[in-house]
Amino acid sequence: MATSTAAAAAAADWDPSSSSDEESPLSSSLTFDKERHVAFLEMMYHMLPYHYQSQEINHLTLAYFVISGLDILGSLDRVDKDAVAAWVLSLQSNPGDKAELNSGQFYGFYGSRSSQFSSDNDGILIHNHSHLASTYCALSILKTVGYNLSNIHSELISMSIRNLQQPDGSFLPIHIGAETDLRFIYCAAAICFMLEDWSGMDREKAKEYIFKCQSYDGGFGMIPGSESHGGGTFCAVASLRLMGFIEDDVLSKSEGSSFIDIPLLLEWCLQRQAADGGFQGRPNKPSDTCYAFWIGAVLRMLGGSQLIDGTALRRFLLTCQSGYGGFSKFPHELPDLYHSYYGYTAFSLLEEPGLNALCVELGITGFAALGI
């Protein structure tokens, strides 16, 4: 994934003052343009536009959007799966010797090649260490390309992930210290679920932390006492599902989960669908492509997908579909990898013909989750 100015040049060549809406590459379409989306991701697979240089530290995450996105589009044959797996595996962190096993470090995956730099000229360590989010992305990619996770040193990941869990049940993303919030509980839960090994995670403590994050309005903030947020709500509910604390189709059960307020959560989620048909991440915010997944996935996990106005949501999403392929954050803007991926997941949730179904808890296709 080398950098390139191709996409930026294409955008620069378009003069909005001399084009009608019908001619504009940014104009919306009445249909989901699968082939252009595949071409968009293929381009990103071979050459990232130079705008992504500042995201080099998150190279593995960008690769996750590309590889899993192609899988959703049913076009994973466009990449060399063995080469992808080899590249991901080259980013796994390993101890230098047995003594380092007790150093308190986390031995997951680095986010990029530059994260593996070992030292500067003075011998001072400057690498950024392996990271929970990068490890989640790495395992997701490996499952997507069909790599058998039993072939990696999974015990090392499971053993060292416990170094990141805090006394209150939350998780640090890296062992040297950083913010703790629901994002990293989710990453830890997804990692343990994919490895089929929960020995490195105290699920009861994590559950209690999640419970404290539910706000008065039913949604979940990233940390206890914070404002409800679409992404935080997904992380909370998906984590509880992966850890086995929320059953299937909980809304249809006469007795659901007793430790979180499911009816209030449902009401909060439904209130996030705005007048334009899209979903907002918080009250009084504009609709944004990615929340069609973050909120839509929560409703799917609760068994409430049928309560979404799918026609209106589809109409909004198509206004964010780019003529270049991909999706933008807001209508009629340039696409980016993040919003493109969650545009594809949203259309999968809407059961767009030709797209593979999702395992919403893991954020990858059902085929990948099952190892098919």
# chains A, B, ... in the order shown; residues from 1 in each chain; ligands from 1
>>> residues_around(residues="segment 264-272 of chain A", least_positions_apart="3", cutoff="10 Å", atoms="only C-alpha atoms", output="ChimeraX atom specification")
/A:214-220,228-230,233,237,251,260-261,275,277-287,291-292,294-296,298-299,302-305,307-309
>>> residues_around(residues="Ala238 of chain A", least_positions_apart="5", cutoff="9 Å", atoms="only C-alpha atoms", output="VMD selection string")
chain A and resid 186 189 to 190 233 243 246 297 to 298 301 360 to 362
>>> write_last_selection(atoms="C-alpha atoms", output="PDB file, in the first residue's frame")
ATOM      1  CA  TYR A 186     -14.375  -3.975  22.796  1.00  0.00           C
ATOM      2  CA  ALA A 189     -13.346  -8.823  23.925  1.00  0.00           C
ATOM      3  CA  ALA A 190     -13.131  -9.262  20.148  1.00  0.00           C
ATOM      4  CA  THR A 233     -22.892   2.315  22.486  1.00  0.00           C
ATOM      5  CA  MET A 243     -18.712 -11.984  26.400  1.00  0.00           C
ATOM      6  CA  ILE A 246     -26.696 -10.457  26.184  1.00  0.00           C
ATOM      7  CA  ALA A 297     -25.502  -2.770  14.318  1.00  0.00           C
ATOM      8  CA  VAL A 298     -26.726  -2.172  17.873  1.00  0.00           C
ATOM      9  CA  MET A 301     -27.848  -7.147  17.982  1.00  0.00           C
ATOM     10  CA  VAL A 360     -21.940  -7.343  13.416  1.00  0.00           C
ATOM     11  CA  GLU A 361     -20.328  -8.140  16.757  1.00  0.00           C
ATOM     12  CA  LEU A 362     -16.910  -8.606  15.134  1.00  0.00           C
TER      13      LEU A 362
END
>>> closest_residue(among="A:Ile57, A:Ile176, A:Thr365, A:Ala138", to="Leu76 of chain A", atoms="only C-alpha atoms")
A:Thr365
>>> residues_around(residues="Tyr209 of chain A", least_positions_apart="6", cutoff="10 Å", atoms="only C-alpha atoms", output="number ranges by chain")
A: 167-170, 181-182, 185, 203, 223-224, 236
>>> write_last_selection(atoms="N, CA, C and O atoms", output="PDB file, in the first residue's frame")
ATOM      1  N   PRO A 167      -7.867  -2.146  37.290  1.00  0.00           N
ATOM      2  CA  PRO A 167      -8.685  -2.624  38.421  1.00  0.00           C
ATOM      3  C   PRO A 167     -10.184  -2.369  38.254  1.00  0.00           C
ATOM      4  O   PRO A 167     -11.005  -3.128  38.776  1.00  0.00           O
ATOM      5  N   ASP A 168     -10.538  -1.298  37.506  1.00  0.00           N
ATOM      6  CA  ASP A 168     -11.967  -1.005  37.318  1.00  0.00           C
ATOM      7  C   ASP A 168     -12.583  -1.796  36.171  1.00  0.00           C
ATOM      8  O   ASP A 168     -13.768  -1.647  35.863  1.00  0.00           O
ATOM      9  N   GLY A 169     -11.793  -2.645  35.521  1.00  0.00           N
ATOM     10  CA  GLY A 169     -12.315  -3.477  34.432  1.00  0.00           C
ATOM     11  C   GLY A 169     -12.019  -2.939  33.050  1.00  0.00           C
ATOM     12  O   GLY A 169     -12.174  -3.659  32.062  1.00  0.00           O
ATOM     13  N   SER A 170     -11.603  -1.675  32.941  1.00  0.00           N
ATOM     14  CA  SER A 170     -11.294  -1.078  31.641  1.00  0.00           C
ATOM     15  C   SER A 170      -9.950  -1.586  31.136  1.00  0.00           C
ATOM     16  O   SER A 170      -9.228  -2.291  31.846  1.00  0.00           O
ATOM     17  N   ASP A 181     -11.147   3.481  27.749  1.00  0.00           N
ATOM     18  CA  ASP A 181     -12.564   3.683  27.475  1.00  0.00           C
ATOM     19  C   ASP A 181     -13.133   2.438  26.815  1.00  0.00           C
ATOM     20  O   ASP A 181     -12.432   1.427  26.657  1.00  0.00           O
ATOM     21  N   LEU A 182     -14.402   2.504  26.412  1.00  0.00           N
ATOM     22  CA  LEU A 182     -15.098   1.327  25.896  1.00  0.00           C
ATOM     23  C   LEU A 182     -14.493   0.777  24.611  1.00  0.00           C
ATOM     24  O   LEU A 182     -14.659  -0.406  24.308  1.00  0.00           O
ATOM     25  N   ILE A 185     -12.121  -2.007  25.664  1.00  0.00           N
ATOM     26  CA  ILE A 185     -12.828  -3.201  26.166  1.00  0.00           C
ATOM     27  C   ILE A 185     -13.332  -3.997  24.975  1.00  0.00           C
ATOM     28  O   ILE A 185     -13.223  -5.225  24.933  1.00  0.00           O
ATOM     29  N   ARG A 203     -13.983 -10.970  32.614  1.00  0.00           N
ATOM     30  CA  ARG A 203     -15.230 -10.524  31.986  1.00  0.00           C
ATOM     31  C   ARG A 203     -16.181  -9.862  32.970  1.00  0.00           C
ATOM     32  O   ARG A 203     -16.910  -8.934  32.616  1.00  0.00           O
ATOM     33  N   ILE A 223     -16.764   6.637  28.643  1.00  0.00           N
ATOM     34  CA  ILE A 223     -16.333   6.390  30.015  1.00  0.00           C
ATOM     35  C   ILE A 223     -17.512   6.679  30.934  1.00  0.00           C
ATOM     36  O   ILE A 223     -18.464   7.357  30.529  1.00  0.00           O
ATOM     37  N   PRO A 224     -17.505   6.198  32.161  1.00  0.00           N
ATOM     38  CA  PRO A 224     -18.621   6.471  33.078  1.00  0.00           C
ATOM     39  C   PRO A 224     -18.861   7.964  33.245  1.00  0.00           C
ATOM     40  O   PRO A 224     -17.923   8.756  33.402  1.00  0.00           O
ATOM     41  N   ALA A 236     -20.116  -1.039  23.726  1.00  0.00           N
ATOM     42  CA  ALA A 236     -20.705  -1.618  24.934  1.00  0.00           C
ATOM     43  C   ALA A 236     -21.530  -2.855  24.610  1.00  0.00           C
ATOM     44  O   ALA A 236     -21.332  -3.931  25.199  1.00  0.00           O
TER      45      ALA A 236
END
>>> closest_residue(among="A:Asn148, A:Ser140, A:Ser154, A:Ser115", to="Ile67 of chain A", atoms="only C-alpha atoms")
A:Ser140
>>> atom_distance(atom1="atom CA of Phe109 of chain A", atom2="atom CA of Ser130 of chain A")
4.8 Å
>>> closest_atom_pairs(of="segment 66-176 of chain A", to="segment 336-346 of chain A", cutoff="12 Å", atoms="only C-alpha atoms", output="JSON lines")
{"residue": "A:Val66", "atom": "CA", "partner": "A:Leu337", "partner_atom": "CA", "distance": 7.5}
{"residue": "A:Ile67", "atom": "CA", "partner": "A:Tyr341", "partner_atom": "CA", "distance": 9.8}
{"residue": "A:Ser68", "atom": "CA", "partner": "A:Tyr341", "partner_atom": "CA", "distance": 8.1}
{"residue": "A:Gly69", "atom": "CA", "partner": "A:Tyr341", "partner_atom": "CA", "distance": 5.7}
{"residue": "A:Leu70", "atom": "CA", "partner": "A:Tyr341", "partner_atom": "CA", "distance": 9.2}
{"residue": "A:Asp71", "atom": "CA", "partner": "A:Tyr344", "partner_atom": "CA", "distance": 10.1}
{"residue": "A:Ile72", "atom": "CA", "partner": "A:Tyr344", "partner_atom": "CA", "distance": 7.0}
{"residue": "A:Leu73", "atom": "CA", "partner": "A:Tyr344", "partner_atom": "CA", "distance": 7.6}
{"residue": "A:Gly74", "atom": "CA", "partner": "A:Tyr344", "partner_atom": "CA", "distance": 11.2}
>>> write_last_selection(atoms="N, CA, C and O atoms", output="mmCIF file, in the first residue's frame")
data_model
loop_
_atom_site.group_PDB
_atom_site.id
_atom_site.type_symbol
_atom_site.label_atom_id
_atom_site.label_comp_id
_atom_site.auth_asym_id
_atom_site.auth_seq_id
_atom_site.Cartn_x
_atom_site.Cartn_y
_atom_site.Cartn_z
ATOM 1 N N VAL A 66 -9.766 -2.007 3.856
ATOM 2 C CA VAL A 66 -9.674 -2.443 2.466
ATOM 3 C C VAL A 66 -10.024 -3.921 2.326
ATOM 4 O O VAL A 66 -10.879 -4.296 1.519
ATOM 5 N N ILE A 67 -9.365 -4.773 3.114
ATOM 6 C CA ILE A 67 -9.533 -6.223 2.960
ATOM 7 C C ILE A 67 -10.932 -6.669 3.364
ATOM 8 O O ILE A 67 -11.603 -7.414 2.633
ATOM 9 N N SER A 68 -11.399 -6.208 4.505
ATOM 10 C CA SER A 68 -12.745 -6.587 4.931
ATOM 11 C C SER A 68 -13.792 -5.958 4.032
ATOM 12 O O SER A 68 -14.848 -6.553 3.777
ATOM 13 N N GLY A 69 -13.514 -4.742 3.532
ATOM 14 C CA GLY A 69 -14.441 -4.105 2.602
ATOM 15 C C GLY A 69 -14.606 -4.914 1.332
ATOM 16 O O GLY A 69 -15.729 -5.116 0.841
ATOM 17 N N LEU A 70 -13.513 -5.401 0.773
ATOM 18 C CA LEU A 70 -13.594 -6.245 -0.417
ATOM 19 C C LEU A 70 -14.346 -7.538 -0.121
ATOM 20 O O LEU A 70 -15.079 -8.051 -0.980
ATOM 21 N N ASP A 71 -14.188 -8.060 1.081
ATOM 22 C CA ASP A 71 -14.918 -9.272 1.459
ATOM 23 C C ASP A 71 -16.421 -9.002 1.511
ATOM 24 O O ASP A 71 -17.226 -9.806 1.030
ATOM 25 N N ILE A 72 -16.823 -7.871 2.070
ATOM 26 C CA ILE A 72 -18.242 -7.511 2.095
ATOM 27 C C ILE A 72 -18.783 -7.399 0.676
ATOM 28 O O ILE A 72 -19.909 -7.841 0.387
ATOM 29 N N LEU A 73 -17.986 -6.845 -0.225
ATOM 30 C CA LEU A 73 -18.401 -6.659 -1.613
ATOM 31 C C LEU A 73 -18.288 -7.946 -2.436
ATOM 32 O O LEU A 73 -18.577 -7.950 -3.638
ATOM 33 N N GLY A 74 -17.872 -9.029 -1.799
ATOM 34 C CA GLY A 74 -17.749 -10.301 -2.506
ATOM 35 C C GLY A 74 -16.620 -10.319 -3.514
ATOM 36 O O GLY A 74 -16.686 -11.039 -4.523
#
>>> select_by_dssp(residues="segment 82-305 of chain A", states="strand (DSSP E or B)", output="MDAnalysis selection string")
chainID A and resid 92 109 131 165 171 214 220 273 279
>>> residues_around(residues="Ala85 of chain A", least_positions_apart="3", cutoff="10 Å", atoms="only C-alpha atoms", output="PyMOL selection string")
chain A and resi 80-82+88-90+138-139+141-147
>>> write_last_selection(atoms="N, CA, C and O atoms", output="CSV table (one decimal), in the first residue's frame")
chain,number,residue,atom,x,y,z
A,80,ASP,N,-4.0,-10.8,-3.1
A,80,ASP,CA,-3.2,-12.0,-2.8
A,80,ASP,C,-3.3,-12.3,-1.4
A,80,ASP,O,-2.7,-11.7,-0.5
A,81,LYS,N,-4.2,-13.3,-1.0
A,81,LYS,CA,-4.5,-13.5,0.4
A,81,LYS,C,-3.2,-14.0,1.2
A,81,LYS,O,-3.0,-13.6,2.3
A,82,ASP,N,-2.4,-14.8,0.5
A,82,ASP,CA,-1.2,-15.3,1.2
A,82,ASP,C,-0.2,-14.1,1.5
A,82,ASP,O,0.4,-14.0,2.6
A,88,VAL,N,0.7,-9.1,7.5
A,88,VAL,CA,0.1,-8.9,8.8
A,88,VAL,C,0.9,-9.6,9.9
A,88,VAL,O,1.3,-9.1,10.9
A,89,LEU,N,1.3,-10.9,9.6
A,89,LEU,CA,2.1,-11.7,10.5
A,89,LEU,C,3.4,-11.0,10.8
A,89,LEU,O,4.0,-11.2,11.9
A,90,SER,N,4.0,-10.3,9.9
A,90,SER,CA,5.3,-9.7,10.1
A,90,SER,C,5.2,-8.5,11.1
A,90,SER,O,6.2,-8.0,11.6
A,138,ALA,N,-5.6,-6.8,13.0
A,138,ALA,CA,-4.7,-7.9,12.5
A,138,ALA,C,-5.5,-9.2,12.5
A,138,ALA,O,-5.5,-9.9,11.4
A,139,LEU,N,-6.1,-9.6,13.6
A,139,LEU,CA,-6.8,-10.8,13.7
A,139,LEU,C,-8.0,-10.8,12.7
A,139,LEU,O,-8.3,-11.9,12.1
A,141,ILE,N,-8.2,-9.2,9.8
A,141,ILE,CA,-7.7,-9.4,8.5
A,141,ILE,C,-7.4,-10.9,8.3
A,141,ILE,O,-7.7,-11.5,7.2
A,142,LEU,N,-6.7,-11.5,9.2
A,142,LEU,CA,-6.2,-12.9,9.1
A,142,LEU,C,-7.4,-13.8,9.0
A,142,LEU,O,-7.4,-14.7,8.1
A,143,LYS,N,-8.5,-13.6,9.7
A,143,LYS,CA,-9.7,-14.4,9.6
A,143,LYS,C,-10.3,-14.2,8.2
A,143,LYS,O,-10.8,-15.1,7.6
A,144,THR,N,-10.3,-12.9,7.8
A,144,THR,CA,-10.9,-12.6,6.5
A,144,THR,C,-10.3,-13.3,5.3
A,144,THR,O,-10.9,-13.8,4.4
A,145,VAL,N,-8.9,-13.4,5.3
A,145,VAL,CA,-8.2,-14.1,4.2
A,145,VAL,C,-8.1,-15.6,4.5
A,145,VAL,O,-7.4,-16.3,3.7
A,146,GLY,N,-8.7,-16.1,5.5
A,146,GLY,CA,-8.8,-17.5,5.7
A,146,GLY,C,-7.6,-18.1,6.4
A,146,GLY,O,-7.3,-19.3,6.4
A,147,TYR,N,-6.8,-17.3,7.1
A,147,TYR,CA,-5.6,-17.8,7.8
A,147,TYR,C,-6.1,-18.5,9.1
A,147,TYR,O,-6.9,-17.9,9.9
>>> atom_distance(atom1="atom CA of Ala368 of chain A", atom2="atom CA of Met194 of chain A")
10.6 Å
>>> closest_residue(among="A:Ala188, A:Cys235, A:Ile364, A:Leu350", to="Ser160 of chain A", atoms="only C-alpha atoms")
A:Ala188
>>> closest_residue(among="A:His129, A:Thr31, A:Gly310, A:Phe40", to="Phe327 of chain A", atoms="only C-alpha atoms")
A:Phe40
>>> closest_residue(among="A:Thr180, A:Tyr52, A:Glu351, A:Ile191", to="Gly108 of chain A", atoms="only C-alpha atoms")
A:Ile191
>>> select_by_dssp(residues="segment 224-290 of chain A", states="helix (DSSP H, G or I)", output="PDB file with N, CA and C atoms, in the first residue's frame")
ATOM      1  N   GLY A 230     -22.752   7.122  19.766  1.00  0.00           N
ATOM      2  CA  GLY A 230     -23.055   5.970  18.930  1.00  0.00           C
ATOM      3  C   GLY A 230     -21.953   4.933  18.916  1.00  0.00           C
ATOM      4  N   GLY A 231     -20.703   5.377  18.800  1.00  0.00           N
ATOM      5  CA  GLY A 231     -19.588   4.437  18.798  1.00  0.00           C
ATOM      6  C   GLY A 231     -19.413   3.740  20.128  1.00  0.00           C
ATOM      7  N   GLY A 232     -19.546   4.501  21.218  1.00  0.00           N
ATOM      8  CA  GLY A 232     -19.446   3.907  22.546  1.00  0.00           C
ATOM      9  C   GLY A 232     -20.560   2.907  22.808  1.00  0.00           C
ATOM     10  N   THR A 233     -21.752   3.218  22.303  1.00  0.00           N
ATOM     11  CA  THR A 233     -22.892   2.315  22.486  1.00  0.00           C
ATOM     12  C   THR A 233     -22.666   1.010  21.754  1.00  0.00           C
ATOM     13  N   PHE A 234     -22.121   1.086  20.526  1.00  0.00           N
ATOM     14  CA  PHE A 234     -21.785  -0.147  19.811  1.00  0.00           C
ATOM     15  C   PHE A 234     -20.761  -0.956  20.598  1.00  0.00           C
ATOM     16  N   CYS A 235     -19.700  -0.304  21.064  1.00  0.00           N
ATOM     17  CA  CYS A 235     -18.647  -1.020  21.794  1.00  0.00           C
ATOM     18  C   CYS A 235     -19.199  -1.711  23.028  1.00  0.00           C
ATOM     19  N   ALA A 236     -20.116  -1.039  23.726  1.00  0.00           N
ATOM     20  CA  ALA A 236     -20.705  -1.618  24.934  1.00  0.00           C
ATOM     21  C   ALA A 236     -21.530  -2.855  24.610  1.00  0.00           C
ATOM     22  N   VAL A 237     -22.456  -2.714  23.669  1.00  0.00           N
ATOM     23  CA  VAL A 237     -23.374  -3.810  23.362  1.00  0.00           C
ATOM     24  C   VAL A 237     -22.647  -4.974  22.691  1.00  0.00           C
ATOM     25  N   ALA A 238     -21.752  -4.673  21.747  1.00  0.00           N
ATOM     26  CA  ALA A 238     -21.003  -5.743  21.087  1.00  0.00           C
ATOM     27  C   ALA A 238     -20.121  -6.496  22.075  1.00  0.00           C
ATOM     28  N   SER A 239     -19.503  -5.778  23.002  1.00  0.00           N
ATOM     29  CA  SER A 239     -18.663  -6.433  24.011  1.00  0.00           C
ATOM     30  C   SER A 239     -19.496  -7.371  24.879  1.00  0.00           C
ATOM     31  N   LEU A 240     -20.644  -6.898  25.308  1.00  0.00           N
ATOM     32  CA  LEU A 240     -21.522  -7.737  26.131  1.00  0.00           C
ATOM     33  C   LEU A 240     -21.994  -8.963  25.372  1.00  0.00           C
ATOM     34  N   ARG A 241     -22.256  -8.796  24.076  1.00  0.00           N
ATOM     35  CA  ARG A 241     -22.657  -9.943  23.252  1.00  0.00           C
ATOM     36  C   ARG A 241     -21.504 -10.948  23.143  1.00  0.00           C
ATOM     37  N   LEU A 242     -20.312 -10.454  22.836  1.00  0.00           N
ATOM     38  CA  LEU A 242     -19.169 -11.343  22.672  1.00  0.00           C
ATOM     39  C   LEU A 242     -18.826 -12.065  23.964  1.00  0.00           C
ATOM     40  N   VAL A 250     -32.734 -10.100  22.091  1.00  0.00           N
ATOM     41  CA  VAL A 250     -33.145  -9.860  23.471  1.00  0.00           C
ATOM     42  C   VAL A 250     -34.507  -9.158  23.563  1.00  0.00           C
ATOM     43  N   LEU A 251     -34.887  -8.417  22.536  1.00  0.00           N
ATOM     44  CA  LEU A 251     -36.161  -7.692  22.588  1.00  0.00           C
ATOM     45  C   LEU A 251     -37.361  -8.631  22.572  1.00  0.00           C
ATOM     46  N   SER A 252     -37.177  -9.816  22.025  1.00  0.00           N
ATOM     47  CA  SER A 252     -38.290 -10.759  21.943  1.00  0.00           C
ATOM     48  C   SER A 252     -38.447 -11.598  23.195  1.00  0.00           C
ATOM     49  N   ILE A 262     -32.461  -2.136  28.637  1.00  0.00           N
ATOM     50  CA  ILE A 262     -32.651  -2.418  27.220  1.00  0.00           C
ATOM     51  C   ILE A 262     -33.721  -1.515  26.588  1.00  0.00           C
ATOM     52  N   PRO A 263     -34.903  -1.353  27.180  1.00  0.00           N
ATOM     53  CA  PRO A 263     -35.920  -0.476  26.553  1.00  0.00           C
ATOM     54  C   PRO A 263     -35.435   0.959  26.355  1.00  0.00           C
ATOM     55  N   LEU A 264     -34.723   1.504  27.345  1.00  0.00           N
ATOM     56  CA  LEU A 264     -34.219   2.870  27.217  1.00  0.00           C
ATOM     57  C   LEU A 264     -33.124   2.941  26.147  1.00  0.00           C
ATOM     58  N   LEU A 265     -32.307   1.899  26.067  1.00  0.00           N
ATOM     59  CA  LEU A 265     -31.275   1.820  25.034  1.00  0.00           C
ATOM     60  C   LEU A 265     -31.917   1.789  23.653  1.00  0.00           C
ATOM     61  N   LEU A 266     -32.962   0.993  23.489  1.00  0.00           N
ATOM     62  CA  LEU A 266     -33.663   0.921  22.206  1.00  0.00           C
ATOM     63  C   LEU A 266     -34.225   2.281  21.819  1.00  0.00           C
ATOM     64  N   GLU A 267     -34.845   2.962  22.757  1.00  0.00           N
ATOM     65  CA  GLU A 267     -35.412   4.276  22.475  1.00  0.00           C
ATOM     66  C   GLU A 267     -34.319   5.261  22.045  1.00  0.00           C
ATOM     67  N   TRP A 268     -33.187   5.233  22.727  1.00  0.00           N
ATOM     68  CA  TRP A 268     -32.090   6.147  22.380  1.00  0.00           C
ATOM     69  C   TRP A 268     -31.601   5.879  20.962  1.00  0.00           C
ATOM     70  N   CYS A 269     -31.455   4.613  20.611  1.00  0.00           N
ATOM     71  CA  CYS A 269     -30.978   4.261  19.270  1.00  0.00           C
ATOM     72  C   CYS A 269     -31.954   4.715  18.193  1.00  0.00           C
ATOM     73  N   LEU A 270     -33.229   4.487  18.409  1.00  0.00           N
ATOM     74  CA  LEU A 270     -34.226   4.866  17.405  1.00  0.00           C
ATOM     75  C   LEU A 270     -34.308   6.378  17.237  1.00  0.00           C
TER      76      LEU A 270
END
>>> closest_residue(among="A:Gly111, A:Ser199, A:Phe347, A:His332", to="Thr311 of chain A", atoms="only C-alpha atoms")
A:Phe347
